[in-house]
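Engineer: Next comes the structure file structure_6.cif, holding mmCIF, C-alpha atoms.
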```cif
data_structure
#
loop_
_atom_site.label_atom_id
_atom_site.label_comp_id
_atom_site.auth_asym_id
_atom_site.auth_seq_id
_atom_site.Cartn_x
_atom_site.Cartn_y
_atom_site.Cartn_z
CA MET K 82 -99.30 -9.94 -2.39
CA PHE K 83 -100.00 -6.44 -3.69
CA LEU K 84 -96.44 -6.18 -5.07
CA GLN K 85 -95.36 -9.24 -7.01
CA THR K 86 -92.22 -10.61 -5.33
CA VAL K 87 -89.70 -13.04 -6.80
CA VAL K 88 -86.27 -14.37 -5.88
CA ALA K 89 -83.50 -13.43 -8.31
CA ASP K 90 -82.56 -16.47 -10.40
CA GLY K 91 -81.20 -14.93 -13.58
CA GLN K 92 -84.42 -15.51 -15.50
CA ALA K 93 -86.72 -13.31 -13.40
CA GLU K 94 -84.51 -10.29 -14.05
CA VAL K 95 -84.39 -10.96 -17.80
CA ARG K 96 -88.18 -11.31 -18.03
CA PHE K 97 -88.69 -8.07 -16.14
CA ILE K 98 -86.30 -6.10 -18.35
CA GLU K 99 -87.97 -7.47 -21.48
CA GLU K 100 -91.39 -6.42 -20.19
CA MET K 101 -90.07 -2.94 -19.40
CA LYS K 102 -88.71 -2.53 -22.93
CA ALA K 103 -91.92 -3.85 -24.49
CA ARG K 104 -94.09 -1.36 -22.63
CA ALA K 105 -91.99 1.55 -23.91
CA ALA K 106 -91.73 0.27 -27.48
CA GLU K 107 -95.45 0.12 -28.21
CA THR K 108 -96.17 2.47 -31.10
CA ARG K 109 -99.53 2.76 -32.80
CA CYS K 110 -99.19 2.98 -36.57
CA ASP K 111 -102.41 4.98 -36.85
CA ILE K 112 -100.92 7.70 -34.63
CA GLU K 113 -97.80 7.95 -36.77
CA GLU K 114 -99.82 8.12 -39.97
CA THR K 115 -102.02 10.90 -38.60
CA VAL K 116 -99.05 12.85 -37.27
CA GLN K 117 -97.12 12.56 -40.54
CA LYS K 118 -100.07 13.99 -42.49
CA ILE K 119 -100.36 16.97 -40.15
CA MET K 120 -96.61 17.60 -40.19
CA ASP K 121 -96.53 17.55 -44.00
CA ASP K 122 -99.62 19.75 -44.27
CA VAL K 123 -98.20 22.42 -41.95
CA ARG K 124 -94.88 22.33 -43.78
CA ILE K 125 -96.67 23.03 -47.07
CA ARG K 126 -99.54 25.32 -46.05
CA GLY K 127 -98.16 26.97 -42.92
CA MET K 128 -100.52 28.87 -40.65
CA ALA K 129 -103.60 27.98 -42.72
CA ALA K 130 -103.06 24.33 -41.82
CA VAL K 131 -102.23 25.15 -38.17
CA GLU K 132 -105.47 27.11 -37.81
CA GLU K 133 -107.49 24.36 -39.49
CA TYR K 134 -106.25 21.67 -37.11
CA SER K 135 -106.58 23.95 -34.09
CA GLN K 136 -110.18 24.69 -34.99
CA ARG K 137 -110.85 20.98 -35.49
CA TYR K 138 -109.28 19.76 -32.24
CA ASP K 139 -109.38 22.78 -29.90
CA LYS K 140 -112.25 24.85 -31.38
CA VAL K 141 -110.12 28.02 -31.41
CA LYS K 142 -107.44 29.63 -33.56
CA PRO K 143 -103.89 29.95 -32.18
CA PHE K 144 -103.10 33.22 -30.44
CA THR K 145 -100.29 34.87 -28.53
CA VAL K 146 -101.08 35.19 -24.84
CA ALA K 147 -101.02 38.85 -23.87
CA LYS K 148 -98.67 40.08 -21.17
CA GLU K 149 -101.66 41.40 -19.22
CA ILE K 150 -103.11 37.88 -19.01
CA ILE K 151 -99.79 36.47 -17.78
CA ASP K 152 -99.44 39.22 -15.18
CA LYS K 153 -103.01 38.67 -14.02
CA ALA K 154 -102.35 34.95 -13.63
CA TYR K 155 -99.19 35.63 -11.64
CA HIS K 156 -100.89 37.98 -9.21
CA GLY K 157 -103.96 35.74 -9.00
CA CYS K 158 -101.98 32.62 -8.21
CA SER K 159 -102.13 31.27 -4.69
CA PRO K 160 -99.41 33.08 -2.69
CA ASP K 161 -98.21 29.83 -1.14
CA LEU K 162 -97.92 28.14 -4.53
CA ARG K 163 -96.26 31.20 -6.04
CA ASP K 164 -93.72 31.21 -3.21
CA ALA K 165 -93.04 27.49 -3.77
CA LEU K 166 -92.51 28.10 -7.48
CA GLU K 167 -90.16 31.00 -6.72
CA GLN K 168 -88.16 28.85 -4.29
CA ALA K 169 -87.97 25.98 -6.78
CA ALA K 170 -86.87 28.41 -9.51
CA GLU K 171 -84.08 29.75 -7.30
CA ASN K 172 -82.80 26.23 -6.59
CA ILE K 173 -82.97 25.21 -10.27
CA ARG K 174 -81.15 28.38 -11.36
CA ASP K 175 -78.46 27.96 -8.70
CA TYR K 176 -77.75 24.35 -9.71
CA HIS K 177 -77.57 25.05 -13.43
CA GLU K 178 -75.42 28.15 -13.09
CA LYS K 179 -72.81 25.97 -11.41
CA MET K 180 -72.76 23.43 -14.25
CA LEU K 181 -72.64 25.95 -17.10
CA VAL K 182 -69.82 25.26 -19.58
CA LYS K 183 -67.78 28.27 -20.78
CA SER K 184 -65.85 28.97 -23.98
CA TRP K 185 -62.14 28.16 -23.75
CA GLU K 186 -58.84 28.30 -25.65
CA TYR K 187 -55.28 27.09 -25.13
CA GLU K 188 -51.97 27.43 -26.97
CA ARG K 189 -50.61 23.99 -27.77
CA ALA K 190 -47.39 25.56 -29.07
CA PRO K 191 -46.37 29.03 -30.25
CA GLY K 192 -48.59 29.71 -33.26
CA ALA K 193 -51.00 26.83 -32.57
CA VAL K 194 -54.17 27.95 -30.79
CA LEU K 195 -57.12 25.61 -30.24
CA GLY K 196 -60.38 26.10 -28.42
CA GLN K 197 -64.12 25.97 -28.37
CA THR K 198 -66.84 28.59 -28.39
CA VAL K 199 -69.95 27.77 -26.36
CA ARG K 200 -73.17 29.63 -27.12
CA GLY K 201 -76.80 29.25 -26.20
CA LEU K 202 -79.24 28.38 -28.97
CA LYS K 203 -80.99 31.35 -30.56
CA ARG K 204 -84.57 30.14 -30.25
CA VAL K 205 -86.16 27.20 -28.39
CA GLY K 206 -89.75 25.96 -28.28
CA LEU K 207 -91.12 24.45 -25.08
CA TYR K 208 -94.24 22.29 -25.33
CA VAL K 209 -96.44 22.42 -22.23
CA PRO K 210 -99.44 20.06 -22.07
CA GLY K 211 -102.82 21.54 -21.19
CA GLY K 212 -105.83 20.44 -19.18
CA THR K 213 -105.24 18.12 -16.24
CA ALA K 214 -101.72 17.38 -17.53
CA ALA K 215 -100.48 20.94 -16.99
CA TYR K 216 -97.41 20.82 -14.77
CA PRO K 217 -95.88 24.18 -13.75
CA SER K 218 -92.87 22.36 -12.29
CA SER K 219 -91.97 21.11 -15.78
CA VAL K 220 -92.02 24.68 -17.06
CA LEU K 221 -89.41 25.65 -14.47
CA MET K 222 -87.35 22.51 -15.05
CA THR K 223 -87.02 23.18 -18.78
CA ALA K 224 -87.21 26.96 -19.15
CA ILE K 225 -84.72 27.93 -16.44
CA PRO K 226 -81.84 25.74 -17.71
CA ALA K 227 -82.50 27.21 -21.17
CA LYS K 228 -82.28 30.76 -19.91
CA VAL K 229 -79.17 30.02 -17.85
CA ALA K 230 -77.59 28.57 -21.00
CA GLY K 231 -78.20 31.87 -22.80
CA VAL K 232 -81.12 30.99 -25.08
CA GLU K 233 -82.13 34.31 -26.63
CA GLU K 234 -85.80 33.53 -27.28
CA LEU K 235 -87.85 30.93 -25.42
CA ILE K 236 -91.36 30.24 -26.69
CA ILE K 237 -93.98 28.17 -24.90
CA VAL K 238 -96.71 26.48 -26.91
CA THR K 239 -99.63 25.11 -24.92
CA PRO K 240 -103.15 23.98 -25.90
CA PRO K 241 -105.69 26.84 -25.98
CA THR K 242 -107.98 25.55 -23.28
CA GLU K 243 -110.93 27.69 -22.18
CA ASN K 244 -108.93 28.93 -19.21
CA LEU K 245 -105.17 28.71 -19.56
CA SER K 246 -103.51 27.27 -16.47
CA VAL K 247 -102.83 30.03 -13.94
CA GLU K 248 -100.04 27.91 -12.48
CA VAL K 249 -98.35 27.38 -15.86
CA LEU K 250 -98.55 31.07 -16.73
CA THR K 251 -97.11 31.95 -13.32
CA ALA K 252 -94.24 29.49 -13.75
CA ALA K 253 -93.55 30.86 -17.24
CA ARG K 254 -93.28 34.41 -15.93
CA ILE K 255 -90.99 33.33 -13.08
CA ALA K 256 -88.76 31.41 -15.50
CA GLY K 257 -88.43 34.35 -17.89
CA VAL K 258 -90.21 32.83 -20.88
CA ASP K 259 -90.36 35.36 -23.73
CA THR K 260 -93.57 34.36 -25.53
CA ILE K 261 -96.52 32.07 -24.83
CA ILE K 262 -98.58 30.90 -27.80
CA ALA K 263 -101.88 29.11 -27.29
CA VAL K 264 -101.60 26.25 -29.76
CA GLY K 265 -101.30 22.57 -28.99
CA GLY K 266 -100.99 19.09 -30.39
CA THR K 267 -99.13 17.96 -33.47
CA GLN K 268 -99.85 21.26 -35.22
CA ALA K 269 -97.90 23.11 -32.52
CA ILE K 270 -94.85 20.90 -32.99
CA ALA K 271 -95.13 21.24 -36.77
CA ALA K 272 -95.36 25.04 -36.53
CA LEU K 273 -92.24 25.19 -34.35
CA THR K 274 -90.46 22.84 -36.75
CA TYR K 275 -91.16 24.66 -40.01
CA GLY K 276 -92.39 28.08 -38.92
CA ALA K 277 -95.93 29.33 -39.55
CA ASP K 278 -96.69 33.06 -39.68
CA PHE K 279 -96.31 34.45 -36.15
CA ILE K 280 -95.05 31.08 -34.85
CA PRO K 281 -91.35 31.10 -35.76
CA GLN K 282 -89.17 28.12 -36.57
CA VAL K 283 -87.05 27.18 -33.56
CA ASP K 284 -83.69 25.48 -33.21
CA LYS K 285 -84.87 22.95 -30.65
CA ILE K 286 -88.14 21.61 -29.18
CA VAL K 287 -88.31 20.35 -25.61
CA GLY K 288 -91.03 19.32 -23.21
CA PRO K 289 -93.45 16.43 -22.59
CA GLY K 290 -96.65 15.61 -24.42
CA ASN K 291 -99.05 12.83 -25.36
CA ALA K 292 -98.38 10.09 -27.92
CA TYR K 293 -99.15 12.45 -30.82
CA VAL K 294 -96.75 15.10 -29.55
CA ALA K 295 -94.04 12.49 -28.96
CA ALA K 296 -94.45 11.15 -32.49
CA ALA K 297 -94.36 14.68 -33.92
CA LYS K 298 -91.14 15.48 -32.05
CA LYS K 299 -89.59 12.31 -33.38
CA MET K 300 -90.48 13.35 -36.95
CA ALA K 301 -89.24 16.90 -36.34
CA PHE K 302 -85.78 15.68 -35.39
CA GLY K 303 -83.30 16.50 -38.12
CA THR K 304 -85.08 19.67 -39.16
CA VAL K 305 -84.76 20.88 -35.58
CA ASP K 306 -83.25 19.27 -32.51
CA ILE K 307 -85.32 17.76 -29.68
CA ASP K 308 -84.58 16.90 -26.07
CA MET K 309 -85.67 13.25 -26.01
CA ILE K 310 -88.59 10.92 -26.66
CA ALA K 311 -89.98 10.38 -23.18
CA GLY K 312 -91.46 7.04 -22.22
CA PRO K 313 -93.54 6.00 -19.20
CA SER K 314 -92.21 7.14 -15.83
CA GLU K 315 -90.27 4.72 -13.63
CA VAL K 316 -88.52 4.39 -10.29
CA LEU K 317 -86.21 1.64 -9.10
CA VAL K 318 -85.44 1.42 -5.39
CA ILE K 319 -82.51 -0.49 -3.90
CA ALA K 320 -83.25 -1.02 -0.20
CA ASP K 321 -81.84 -3.17 2.57
CA HIS K 322 -83.34 -4.29 5.87
CA THR K 323 -82.63 -0.90 7.49
CA ALA K 324 -85.01 1.01 5.20
CA ASN K 325 -88.34 2.24 6.57
CA PRO K 326 -91.03 0.25 4.68
CA SER K 327 -93.52 3.13 4.82
CA TYR K 328 -91.00 5.49 3.18
CA ILE K 329 -90.18 3.05 0.36
CA ALA K 330 -93.85 2.25 -0.21
CA ALA K 331 -94.72 5.95 -0.45
CA ASP K 332 -91.88 6.58 -2.90
CA MET K 333 -92.92 3.71 -5.17
CA LEU K 334 -96.54 4.84 -5.14
CA SER K 335 -95.49 8.36 -6.10
CA GLN K 336 -94.39 6.93 -9.46
CA SER K 337 -97.22 4.45 -9.87
CA GLU K 338 -99.83 7.21 -9.73
CA HIS K 339 -98.51 8.82 -12.95
CA ASP K 340 -100.32 6.41 -15.28
CA ARG K 341 -101.00 2.73 -15.87
CA LEU K 342 -97.70 2.26 -17.74
CA ALA K 343 -95.60 3.69 -14.91
CA SER K 344 -93.24 1.28 -13.20
CA ALA K 345 -92.08 1.00 -9.58
CA VAL K 346 -89.54 -1.71 -8.79
CA LEU K 347 -87.88 -2.77 -5.54
CA LEU K 348 -84.52 -4.55 -5.42
CA THR K 349 -83.60 -5.83 -1.95
CA ASP K 350 -81.63 -8.47 -0.10
CA SER K 351 -84.44 -9.13 2.38
CA MET K 352 -87.60 -11.10 1.66
CA ALA K 353 -89.10 -9.83 4.91
CA GLN K 354 -88.47 -6.26 3.76
CA ALA K 355 -90.08 -6.92 0.37
CA GLN K 356 -93.17 -8.34 2.05
CA ALA K 357 -93.40 -5.45 4.52
CA ILE K 358 -93.15 -2.89 1.72
CA SER K 359 -95.83 -4.71 -0.30
CA VAL K 360 -98.23 -4.62 2.65
CA GLU K 361 -97.50 -0.95 3.26
CA MET K 362 -97.97 -0.07 -0.43
CA GLU K 363 -101.46 -1.57 -0.47
CA ARG K 364 -102.39 0.11 2.80
CA GLN K 365 -101.32 3.55 1.56
CA ALA K 366 -102.61 3.11 -2.00
CA ARG K 367 -106.19 2.37 -0.97
CA GLY K 368 -106.43 5.82 0.58
CA LEU K 369 -105.19 7.67 -2.51
CA PRO K 370 -107.45 9.33 -5.12
CA ARG K 371 -105.67 7.61 -8.03
CA TRP K 372 -106.09 4.15 -6.52
CA GLU K 373 -107.26 2.44 -9.72
CA ILE K 374 -104.32 3.79 -11.77
CA ILE K 375 -101.90 2.76 -9.02
CA ARG K 376 -103.43 -0.71 -8.75
CA ASP K 377 -103.07 -1.36 -12.50
CA SER K 378 -99.57 0.09 -12.64
CA VAL K 379 -98.33 -2.03 -9.74
CA ARG K 380 -100.07 -5.14 -11.04
CA ASN K 381 -98.58 -4.87 -14.54
CA TYR K 382 -95.22 -3.15 -14.05
CA GLY K 383 -94.46 -3.29 -10.34
CA CYS K 384 -92.16 -5.91 -8.91
CA ALA K 385 -89.88 -6.77 -5.99
CA ILE K 386 -86.81 -8.90 -6.67
CA VAL K 387 -84.84 -10.37 -3.78
CA PHE K 388 -81.07 -10.79 -4.25
CA ASP K 389 -78.44 -12.49 -2.10
CA ASP K 390 -76.10 -9.53 -2.60
CA LEU K 391 -77.00 -5.91 -3.32
CA LYS K 392 -74.07 -5.66 -5.73
CA ASP K 393 -76.04 -8.04 -7.95
CA ALA K 394 -78.98 -5.67 -7.58
CA CYS K 395 -76.72 -2.87 -8.84
CA GLU K 396 -75.87 -4.97 -11.87
CA MET K 397 -79.56 -5.33 -12.67
CA ALA K 398 -80.11 -1.61 -12.09
CA ASN K 399 -77.45 -0.86 -14.69
CA LYS K 400 -79.28 -3.06 -17.21
CA VAL K 401 -82.62 -1.38 -16.49
CA ALA K 402 -81.01 2.12 -16.55
CA PRO K 403 -84.01 3.63 -14.73
CA GLU K 404 -85.25 7.19 -14.89
CA HIS K 405 -85.14 7.48 -11.08
CA LEU K 406 -82.94 5.34 -8.83
CA GLU K 407 -83.24 5.48 -5.05
CA ILE K 408 -80.63 3.87 -2.78
CA VAL K 409 -82.00 3.48 0.73
CA THR K 410 -79.48 1.38 2.63
CA ALA K 411 -77.38 1.70 5.76
CA ASN K 412 -74.53 3.19 3.68
CA PRO K 413 -75.96 4.28 0.32
CA ARG K 414 -72.72 5.82 -0.95
CA GLU K 415 -71.05 2.41 -0.77
CA LEU K 416 -73.17 1.28 -3.73
CA LEU K 417 -72.70 4.44 -5.78
CA PRO K 418 -69.47 3.27 -7.52
CA TYR K 419 -71.34 0.21 -8.84
CA LEU K 420 -74.10 2.23 -10.49
CA ASP K 421 -73.41 3.49 -14.01
CA ASN K 422 -76.82 4.01 -15.60
CA ALA K 423 -79.62 6.16 -14.17
CA GLY K 424 -81.30 9.44 -14.97
CA ALA K 425 -81.04 10.64 -11.37
CA ILE K 426 -79.80 8.91 -8.21
CA PHE K 427 -81.31 9.67 -4.80
CA LEU K 428 -79.25 8.72 -1.76
CA GLY K 429 -80.66 7.94 1.67
CA PRO K 430 -84.06 7.96 3.38
CA TYR K 431 -84.55 11.72 3.16
CA SER K 432 -83.90 12.13 -0.57
CA PRO K 433 -87.22 10.89 -2.01
CA GLU K 434 -87.86 11.12 -5.74
CA PRO K 435 -90.42 13.97 -5.36
CA LEU K 436 -87.58 16.11 -3.94
CA GLY K 437 -86.02 15.91 -7.40
CA ASP K 438 -89.37 16.43 -9.11
CA TYR K 439 -89.95 19.79 -7.47
CA MET K 440 -87.29 21.44 -5.38
CA ALA K 441 -83.72 20.09 -5.32
CA GLY K 442 -82.48 21.88 -8.45
CA PRO K 443 -81.47 19.32 -11.10
CA SER K 444 -84.04 19.12 -13.87
CA HIS K 445 -86.63 16.38 -13.52
CA VAL K 446 -86.65 15.88 -17.31
CA LEU K 447 -84.77 12.58 -17.36
CA PRO K 448 -84.08 9.76 -19.81
CA THR K 449 -86.56 6.88 -19.57
CA SER K 450 -86.98 3.34 -20.91
CA GLY K 451 -83.34 2.37 -20.52
CA THR K 452 -81.99 5.36 -22.44
CA ALA K 453 -80.01 6.49 -19.38
CA ARG K 454 -77.36 4.11 -20.75
CA PHE K 455 -76.50 6.83 -23.27
CA PHE K 456 -78.63 9.94 -22.55
CA SER K 457 -78.22 12.55 -19.82
CA PRO K 458 -80.82 14.62 -17.95
CA LEU K 459 -81.98 17.89 -19.47
CA SER K 460 -79.61 20.66 -18.35
CA THR K 461 -77.84 23.75 -19.62
CA ASP K 462 -75.93 21.43 -21.99
CA THR K 463 -79.24 20.68 -23.72
CA PHE K 464 -79.42 24.29 -24.90
CA LEU K 465 -75.79 24.89 -25.83
CA LYS K 466 -74.01 24.45 -29.12
CA LYS K 467 -70.25 24.13 -29.28
CA THR K 468 -67.98 25.19 -32.13
CA SER K 469 -64.34 24.20 -32.50
CA VAL K 470 -61.79 27.00 -33.00
CA ILE K 471 -58.48 26.30 -34.80
CA GLU K 472 -55.80 28.90 -35.52
CA TYR K 473 -52.34 27.83 -36.80
CA SER K 474 -49.40 29.85 -38.06
CA ARG K 475 -47.53 28.90 -41.24
CA GLU K 476 -44.71 27.44 -39.18
CA GLN K 477 -46.99 25.23 -37.11
CA LEU K 478 -48.93 24.03 -40.16
CA LYS K 479 -45.64 23.05 -41.80
CA THR K 480 -44.77 20.78 -38.88
CA LEU K 481 -47.93 18.75 -39.61
CA SER K 482 -48.05 19.10 -43.40
CA ALA K 483 -46.38 15.80 -44.27
CA GLY K 484 -48.75 13.90 -42.01
CA ILE K 485 -51.84 15.66 -43.37
CA ILE K 486 -50.78 15.04 -46.98
CA GLY K 487 -50.02 11.40 -46.22
CA LEU K 488 -53.39 10.78 -44.60
CA ALA K 489 -55.26 12.61 -47.38
CA GLU K 490 -53.52 10.61 -50.10
CA ALA K 491 -54.21 7.36 -48.22
CA GLU K 492 -57.90 8.24 -48.40
CA ARG K 493 -57.53 9.25 -52.10
CA LEU K 494 -58.60 12.80 -51.35
CA ASP K 495 -55.98 14.56 -53.46
CA ALA K 496 -57.61 17.98 -53.21
CA HIS K 497 -57.27 17.76 -49.44
CA ALA K 498 -53.57 17.04 -49.82
CA ASN K 499 -53.18 19.88 -52.31
CA SER K 500 -54.87 22.33 -49.91
CA VAL K 501 -51.88 21.91 -47.61
CA ARG K 502 -49.16 21.29 -50.23
CA ILE K 503 -49.94 24.48 -52.15
CA ARG K 504 -49.04 26.58 -49.11
CA PHE K 505 -45.46 25.31 -49.21
CA THR K 506 -44.70 25.02 -52.93
CA GLU K 507 -42.70 28.23 -52.73
CA GLU K 508 -40.51 28.42 -49.66
CA ASP K 509 -39.86 31.82 -48.11
#
```
Could you write out this file's structure as structure tokens?
Structural biologist:
Amino acid sequence: MFLQTVVADGQAEVRFIEEMKARAAETRCDIEETVQKIMDDVRIRGMAAVEEYSQRYDKVKPFTVAKEIIDKAYHGCSPDLRDALEQAAENIRDYHEKMLVKSWEYERAPGAVLGQTVRGLKRVGLYVPGGTAAYPSSVLMTAIPAKVAGVEELIIVTPPTENLSVEVLTAARIAGVDTIIAVGGTQAIAALTYGADFIPQVDKIVGPGNAYVAAAKKMAFGTVDIDMIAGPSEVLVIADHTANPSYIAADMLSQSEHDRLASAVLLTDSMAQAQAISVEMERQARGLPRWEIIRDSVRNYGCAIVFDDLKDACEMANKVAPEHLEIVTANPRELLPYLDNAGAIFLGPYSPEPLGDYMAGPSHVLPTSGTARFFSPLSTDTFLKKTSVIEYSREQLKTLSAGIIGLAEAERLDAHANSVRIRFTEED
């Protein structure tokens, strides 16, 4: 069969999850060593090092993309594509405006005011891959939530290819990006991390990239914040006998075409359905341009597992914690309460994963490799920082003073205790 199919027996699920984790955990030491050297060099030498690596790898010095070039790209973009980008931008903006968290305060008691200020980050760097890996949809999915959150300055860095992507430049203009700098690779991440001449240090770096960019972002964390370390793309589909096999096959192939490490998995309670979907996947795949990538992806990381009960399938889905989770059953919402871990959940036959990739509104930047157990999708929250606000009167502090002093002395932090005690040594 094109799609390997097994019956759930406890062991098959464990083996699959282990293989999924192993594929995401592979890290080449030579990549990390190279990246560390570049990061350290840029930190020490600044723009001189950035220019040296850019000349070596891209044959051109970094430069700021002029507004005239961006405007020309926008007006030269295919009208149909530009309209699609505008529509997607509107949907993304609408969704994220509704989820935006505001500052708040409340009075616990007279003289005791507590709250939280919520502000957008001052400056964020967005890495956008170049060449054939340039995805304008990812620009919208990262830049628009940042702008809705109130980020004051949003900077795109992208490799200085001979002809910068018209589609990426168009998406950047639509999203309201402030500056686009033609610089790529590890040196771009390093420049955003430490600052280098006209490339300023940012507060956070977001966006996808190759293994070198991912390693650089990991090393940047702590000096600046990052969104996440993205692993290979994945979709898990829970389907019953009512699902249309051609729909499920098409959805699974849409993930498998990403790269050879991508994973597409079917969980079902019907062996006949699993077999029908496997046949349909092969039929559709052979007519697709990325057939060889799909074939290798399905062979190595594709699987169908047949369960007696779909609630057991939900239990496995929670262990996998997939990036994308489709539920295509007679009553998909019935399974929703049993599903705790997923980057995004798609309900029903007309909510395919590509809807989320391009148009629905939630960002398609999602946790991968099981990290949906503890990470959330990129959103306005990604670009916000929250600060606690505490304001007490003398009277309210006095009501808590004995407890504060007692706790401080229990921890042998006498200066902490004195900070409160000194305020009441002389009674009014």
Engineer: Please, which residues in region 190-243 of chain K fall within 9 Å of region 135-157 of chain K when counting all atoms listed in the file, and what is the closest atom pair and distance in Å to one decimal for each, ordered by chain then residue number, as a Markdown table?
Structural biologist:
```
| residue | atom | partner | partner_atom | distance |
| --- | --- | --- | --- | --- |
| K:Pro240 | CA | K:Asp139 | CA | 7.5 |
| K:Pro241 | CA | K:Asp139 | CA | 6.7 |
| K:Thr242 | CA | K:Asp139 | CA | 7.3 |
```
Engineer: How would you write as a ChimeraX atom specification the residues that get within 6 Å of (-77.0, 21.0, -17.1) in the file's frame, counting all atoms listed in the file?
Structural biologist: /K:177,180,460-462
Engineer: Apply the PyMOL selection byres ((chain K and resi 117-133) around 10) to the file shown and report the selected residues as a short mmCIF file (atom, residue, chain, number, x, y, z; two decimals) with C-alpha atoms, in the coordinates of the input.
Structural biologist:
```
data_model
loop_
_atom_site.label_atom_id
_atom_site.label_comp_id
_atom_site.auth_asym_id
_atom_site.auth_seq_id
_atom_site.Cartn_x
_atom_site.Cartn_y
_atom_site.Cartn_z
CA ASP K 111 -102.41 4.98 -36.85
CA ILE K 112 -100.92 7.70 -34.63
CA GLU K 113 -97.80 7.95 -36.77
CA GLU K 114 -99.82 8.12 -39.97
CA THR K 115 -102.02 10.90 -38.60
CA VAL K 116 -99.05 12.85 -37.27
CA TYR K 134 -106.25 21.67 -37.11
CA SER K 135 -106.58 23.95 -34.09
CA GLN K 136 -110.18 24.69 -34.99
CA ARG K 137 -110.85 20.98 -35.49
CA TYR K 138 -109.28 19.76 -32.24
CA ASP K 139 -109.38 22.78 -29.90
CA LYS K 140 -112.25 24.85 -31.38
CA VAL K 141 -110.12 28.02 -31.41
CA LYS K 142 -107.44 29.63 -33.56
CA PRO K 143 -103.89 29.95 -32.18
CA PHE K 144 -103.10 33.22 -30.44
CA VAL K 264 -101.60 26.25 -29.76
CA GLY K 265 -101.30 22.57 -28.99
CA GLY K 266 -100.99 19.09 -30.39
CA THR K 267 -99.13 17.96 -33.47
CA GLN K 268 -99.85 21.26 -35.22
CA ALA K 269 -97.90 23.11 -32.52
CA ILE K 270 -94.85 20.90 -32.99
CA ALA K 271 -95.13 21.24 -36.77
CA ALA K 272 -95.36 25.04 -36.53
CA THR K 274 -90.46 22.84 -36.75
CA TYR K 275 -91.16 24.66 -40.01
CA GLY K 276 -92.39 28.08 -38.92
CA ALA K 277 -95.93 29.33 -39.55
CA ASP K 278 -96.69 33.06 -39.68
CA PHE K 279 -96.31 34.45 -36.15
CA ILE K 280 -95.05 31.08 -34.85
CA TYR K 293 -99.15 12.45 -30.82
CA ALA K 296 -94.45 11.15 -32.49
CA ALA K 297 -94.36 14.68 -33.92
CA MET K 300 -90.48 13.35 -36.95
CA ALA K 301 -89.24 16.90 -36.34
#
```
Engineer: For the provided coordinates, the residues matched by the PyMOL selection byres ((chain K and resi 350-354) around 9) should be stated as a ChimeraX atom specification.
Structural biologist: /K:86-88,319-326,348-349,355-359,386-391,394
Engineer: Any chance you could resolve the PyMOL selection byres ((chain K and resi 215) around 12) against this file and give the residues as a PyMOL selection string?
Structural biologist: chain K and resi 208-214+216-220+238-242+244-250+252+288-291
Engineer: How many Å lie between CA of Leu342 (chain K) and CA of Arg104 (chain K), rounded to one decimal?
Structural biologist: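 Atom-to-atom, CA of Leu342 (chain K) and CA of Arg104 (chain K) are spaced 7.1 Å apart.
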Engineer: Please return as a list in words every residue within 6 Å of (-94.9, -5.6, -18.7), taking into account all atoms listed in the file and the file's own coordinates.
Structural biologist: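 Those residues, ordered by chain and then number, are Glu100, Met101, Arg104, Asn381 and Tyr382 of chain K.
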Engineer: For the selection just defined, write its residues with C-alpha atoms to a file, as a short mmCIF file (atom, residue, chain, number, x, y, z; two decimals), keeping the file's coordinate frame.
Structural biologist:
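Written out: out.cif:
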```cif
data_model
loop_
_atom_site.label_atom_id
_atom_site.label_comp_id
_atom_site.auth_asym_id
_atom_site.auth_seq_id
_atom_site.Cartn_x
_atom_site.Cartn_y
_atom_site.Cartn_z
CA GLU K 100 -91.39 -6.42 -20.19
CA MET K 101 -90.07 -2.94 -19.40
CA ARG K 104 -94.09 -1.36 -22.63
CA ASN K 381 -98.58 -4.87 -14.54
CA TYR K 382 -95.22 -3.15 -14.05
#
```
Engineer: Could you tell me how far CA of Val316 (chain K) lies from CA of Ala385 (chain K), in Å and to one decimal?
Structural biologist: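 Atom-to-atom, CA of Val316 (chain K) to CA of Ala385 (chain K), that is 12.0 Å.
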